[in-house]
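Undergrad: Can you read through this structure? Questions will come right after.
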Amino acid sequence: QVQMFESGGGLVQAGGSLRLSCSTAGRIFSRAAMAWFRQAPGKEREFVSSVGRNGRMIVYADSVKGRFTISRDNAKNTVYLQMNSLKPEDTGAYYCAARQTILTDYTEYSTEGDYQYWGQGTQVTVSS
């Protein structure tokens, strides 16, 4: 059983910022592309952002481009999602996901089925 630990969610006013963190075992993290997804109440889970195993393949959903930044610290086995200029429509449960891959894999993975491991989620609520 792979455990992934998310933190950093909370309640913030529109225009504010939050930073989410997700950590997992080193044996998984060092060989994995990492991603964030989110799910608003009554809606399907959607892709937010991903970063490749080497930290170079970075993808964002159009809805968060220019506001969110994904990064990873391989020494700490942690992936971050810096969220700025938050909007009420960013409200939802945010999930961290991992996909084990090879170092030379340059595919941009952006669907749920691409990822093997999932965290429990952390709630983000943006008030207007």
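Residues are referred to by chain and number: the chain letter is A, B, ... according to the order shown in the structure tokens, the number counts from 1 in that chain, and ligands are numbered separately from 1 in the order shown.
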Got a sec: who's within 10 Å of Ser110 of chain A, counting only C-alpha atoms, leaving out chain neighbours fewer than 5 positions off, as an MDAnalysis selection string?
TA: chainID A and resid 35:37 46:51 59:61 115
Undergrad: Might you pull out every residue within 12 Å of segment 9-18 of chain A, with only C-alpha atoms counted and same-chain residues fewer than 6 positions away left off, and present them as a list in words?
TA: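 Close residues of segment 9-18 of chain A: Arg38, Arg67, Phe68, Thr69, Tyr80, Leu81, Gln82, Met83, Asn84, Ser85, Leu86, Lys87, Pro88, Glu89, Asp90, Thr91, Gly92, Ala93, Tyr94, Tyr95, Gly121, Thr122, Gln123, Val124, Thr125, Val126, Ser127 and Ser128 of chain A.
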Undergrad: Write the residues you've just listed into a file as a JSON list (two decimals), in the first residue's frame, and include N, CA, C and O atoms for each of them.
TA:
```
[["chain", "number", "residue", "atom", "x", "y", "z"],
["A", 38, "ARG", "N", -8.37, 17.88, -9.09],
["A", 38, "ARG", "CA", -9.31, 18.44, -8.12],
["A", 38, "ARG", "C", -10.73, 18.02, -8.47],
["A", 38, "ARG", "O", -11.04, 17.69, -9.62],
["A", 67, "ARG", "N", -1.66, 31.15, -12.93],
["A", 67, "ARG", "CA", -2.00, 31.36, -11.52],
["A", 67, "ARG", "C", -1.38, 30.29, -10.62],
["A", 67, "ARG", "O", -1.02, 30.56, -9.47],
["A", 68, "PHE", "N", -1.30, 29.08, -11.12],
["A", 68, "PHE", "CA", -0.78, 27.95, -10.33],
["A", 68, "PHE", "C", 0.61, 27.57, -10.85],
["A", 68, "PHE", "O", 0.89, 27.67, -12.04],
["A", 69, "THR", "N", 1.44, 27.09, -9.92],
["A", 69, "THR", "CA", 2.77, 26.62, -10.28],
["A", 69, "THR", "C", 3.04, 25.30, -9.58],
["A", 69, "THR", "O", 2.92, 25.21, -8.35],
["A", 80, "TYR", "N", 4.75, 20.16, -4.94],
["A", 80, "TYR", "CA", 4.03, 21.33, -4.45],
["A", 80, "TYR", "C", 3.10, 21.86, -5.54],
["A", 80, "TYR", "O", 3.36, 21.71, -6.73],
["A", 81, "LEU", "N", 2.07, 22.54, -5.08],
["A", 81, "LEU", "CA", 1.21, 23.30, -6.00],
["A", 81, "LEU", "C", 0.99, 24.66, -5.36],
["A", 81, "LEU", "O", 0.27, 24.78, -4.36],
["A", 82, "GLN", "N", 1.66, 25.65, -5.90],
["A", 82, "GLN", "CA", 1.48, 27.03, -5.44],
["A", 82, "GLN", "C", 0.30, 27.61, -6.19],
["A", 82, "GLN", "O", 0.32, 27.67, -7.42],
["A", 83, "MET", "N", -0.70, 28.05, -5.45],
["A", 83, "MET", "CA", -1.92, 28.56, -6.06],
["A", 83, "MET", "C", -2.09, 30.03, -5.68],
["A", 83, "MET", "O", -2.25, 30.36, -4.50],
["A", 84, "ASN", "N", -2.03, 30.88, -6.68],
["A", 84, "ASN", "CA", -2.19, 32.32, -6.47],
["A", 84, "ASN", "C", -3.45, 32.80, -7.17],
["A", 84, "ASN", "O", -4.01, 32.12, -8.02],
["A", 85, "SER", "N", -3.87, 33.99, -6.80],
["A", 85, "SER", "CA", -5.06, 34.61, -7.41],
["A", 85, "SER", "C", -6.23, 33.63, -7.43],
["A", 85, "SER", "O", -6.90, 33.44, -8.45],
["A", 86, "LEU", "N", -6.47, 33.03, -6.30],
["A", 86, "LEU", "CA", -7.51, 32.00, -6.22],
["A", 86, "LEU", "C", -8.89, 32.58, -6.47],
["A", 86, "LEU", "O", -9.19, 33.74, -6.11],
["A", 87, "LYS", "N", -9.74, 31.77, -7.09],
["A", 87, "LYS", "CA", -11.10, 32.14, -7.43],
["A", 87, "LYS", "C", -12.07, 31.17, -6.75],
["A", 87, "LYS", "O", -11.70, 30.03, -6.47],
["A", 88, "PRO", "N", -13.30, 31.58, -6.55],
["A", 88, "PRO", "CA", -14.27, 30.66, -5.95],
["A", 88, "PRO", "C", -14.40, 29.35, -6.74],
["A", 88, "PRO", "O", -14.61, 28.29, -6.13],
["A", 89, "GLU", "N", -14.23, 29.42, -8.04],
["A", 89, "GLU", "CA", -14.34, 28.20, -8.85],
["A", 89, "GLU", "C", -13.16, 27.26, -8.68],
["A", 89, "GLU", "O", -13.17, 26.15, -9.20],
["A", 90, "ASP", "N", -12.15, 27.66, -7.92],
["A", 90, "ASP", "CA", -11.04, 26.76, -7.59],
["A", 90, "ASP", "C", -11.37, 25.88, -6.39],
["A", 90, "ASP", "O", -10.61, 24.98, -6.04],
["A", 91, "THR", "N", -12.51, 26.12, -5.78],
["A", 91, "THR", "CA", -12.92, 25.35, -4.61],
["A", 91, "THR", "C", -13.09, 23.88, -4.96],
["A", 91, "THR", "O", -13.65, 23.54, -6.01],
["A", 92, "GLY", "N", -12.60, 23.02, -4.08],
["A", 92, "GLY", "CA", -12.76, 21.59, -4.28],
["A", 92, "GLY", "C", -11.75, 20.81, -3.47],
["A", 92, "GLY", "O", -10.91, 21.39, -2.76],
["A", 93, "ALA", "N", -11.85, 19.50, -3.58],
["A", 93, "ALA", "CA", -10.86, 18.63, -2.96],
["A", 93, "ALA", "C", -9.72, 18.43, -3.95],
["A", 93, "ALA", "O", -9.97, 18.09, -5.11],
["A", 94, "TYR", "N", -8.52, 18.64, -3.50],
["A", 94, "TYR", "CA", -7.34, 18.51, -4.36],
["A", 94, "TYR", "C", -6.61, 17.23, -4.03],
["A", 94, "TYR", "O", -6.29, 16.96, -2.86],
["A", 95, "TYR", "N", -6.34, 16.47, -5.08],
["A", 95, "TYR", "CA", -5.72, 15.16, -4.93],
["A", 95, "TYR", "C", -4.36, 15.12, -5.61],
["A", 95, "TYR", "O", -4.20, 15.59, -6.74],
["A", 121, "GLY", "N", -6.66, 13.48, -0.50],
["A", 121, "GLY", "CA", -7.23, 14.77, -0.84],
["A", 121, "GLY", "C", -7.12, 15.77, 0.29],
["A", 121, "GLY", "O", -7.11, 15.42, 1.46],
["A", 122, "THR", "N", -7.03, 17.02, -0.10],
["A", 122, "THR", "CA", -7.05, 18.13, 0.86],
["A", 122, "THR", "C", -8.02, 19.18, 0.33],
["A", 122, "THR", "O", -8.04, 19.47, -0.86],
["A", 123, "GLN", "N", -8.83, 19.71, 1.22],
["A", 123, "GLN", "CA", -9.91, 20.61, 0.80],
["A", 123, "GLN", "C", -9.41, 22.04, 0.65],
["A", 123, "GLN", "O", -8.72, 22.57, 1.54],
["A", 124, "VAL", "N", -9.78, 22.64, -0.45],
["A", 124, "VAL", "CA", -9.52, 24.06, -0.70],
["A", 124, "VAL", "C", -10.86, 24.75, -0.89],
["A", 124, "VAL", "O", -11.66, 24.33, -1.72],
["A", 125, "THR", "N", -11.08, 25.78, -0.10],
["A", 125, "THR", "CA", -12.32, 26.54, -0.21],
["A", 125, "THR", "C", -11.97, 28.01, -0.40],
["A", 125, "THR", "O", -11.25, 28.59, 0.41],
["A", 126, "VAL", "N", -12.48, 28.58, -1.48],
["A", 126, "VAL", "CA", -12.22, 29.98, -1.80],
["A", 126, "VAL", "C", -13.53, 30.74, -1.69],
["A", 126, "VAL", "O", -14.48, 30.46, -2.42],
["A", 127, "SER", "N", -13.56, 31.69, -0.80],
["A", 127, "SER", "CA", -14.77, 32.47, -0.59],
["A", 127, "SER", "C", -14.74, 33.74, -1.44],
["A", 127, "SER", "O", -13.68, 34.30, -1.70],
["A", 128, "SER", "N", -15.92, 34.16, -1.84],
["A", 128, "SER", "CA", -16.00, 35.35, -2.71],
["A", 128, "SER", "C", -16.12, 36.62, -1.89],
["A", 128, "SER", "O", -16.30, 36.60, -0.69]]
```
Undergrad: Skipping near chain neighbours, those fewer than 5 positions away, what residues fall within 12 Å of Ala32 of chain A using only C-alpha atoms, listed as a ChimeraX atom specification?
TA: /A:23-27,50-55,57,72,74,77-79,96-105,109,114-117
Undergrad: Could you state the separation of atom CA of Gln120 of chain A and atom CA of Thr107 of chain A in Å, given to one decimal place?
TA: 25.3 Å
Undergrad: Grab the atom CA of Glu108 of chain A to atom CA of Ile70 of chain A distance for me, in Å with one decimal place.
TA: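 Atom CA of Ile70 of chain A lies at a distance of 14.0 Å from atom CA of Glu108 of chain A.
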Undergrad: Could you tell me which of A:Lys43, A:Ser71, A:Thr111, A:Lys65 comes closest to Arg19 of chain A if we count only C-alpha atoms?
TA: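 Smallest distance to Arg19 of chain A is found for A:Ser71.
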Undergrad: Could you pull out the strand (DSSP E or B) residues of segment 23-116 of chain A from DSSP and send them as a VMD selection string?
TA: chain A and resid 23 to 24 32 to 39 46 to 51 58 to 60 68 to 73 78 to 83 92 to 100
Undergrad: Between A:Arg56, A:Cys22, A:Ala75, A:Gln39, which one has atoms that come closest to Glu112 of chain A, using only C-alpha atoms?
TA: A:Gln39
Undergrad: Would you mind writing down, as a ChimeraX atom specification, each residue of chain A that DSSP on the backbone assigns to alpha helix (DSSP H)?
TA: /A:26-29
Undergrad: Could you write out the selected residues, including N, CA and C atoms, as a PDB file, in the first residue's frame?
TA:
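Output contents, as saved in selection04.pdb:
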```pdb
ATOM      1  N   GLY A  26      10.127   7.551  -0.915  1.00  0.00           N
ATOM      2  CA  GLY A  26      11.145   7.870  -1.887  1.00  0.00           C
ATOM      3  C   GLY A  26      11.224   6.884  -3.030  1.00  0.00           C
ATOM      4  N   ARG A  27      10.965   5.605  -2.736  1.00  0.00           N
ATOM      5  CA  ARG A  27      11.082   4.589  -3.780  1.00  0.00           C
ATOM      6  C   ARG A  27      10.023   4.804  -4.857  1.00  0.00           C
ATOM      7  N   ILE A  28       8.943   5.456  -4.504  1.00  0.00           N
ATOM      8  CA  ILE A  28       7.894   5.772  -5.466  1.00  0.00           C
ATOM      9  C   ILE A  28       8.185   7.119  -6.129  1.00  0.00           C
ATOM     10  N   PHE A  29       8.418   8.131  -5.303  1.00  0.00           N
ATOM     11  CA  PHE A  29       8.520   9.494  -5.785  1.00  0.00           C
ATOM     12  C   PHE A  29       9.630   9.662  -6.810  1.00  0.00           C
TER      13      PHE A  29
END
```
Undergrad: Rounded to one decimal place, report the atom CA of Ser30 of chain A-atom CA of Val64 of chain A distance in Å.
TA: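 These atoms are spaced 25.8 Å apart.
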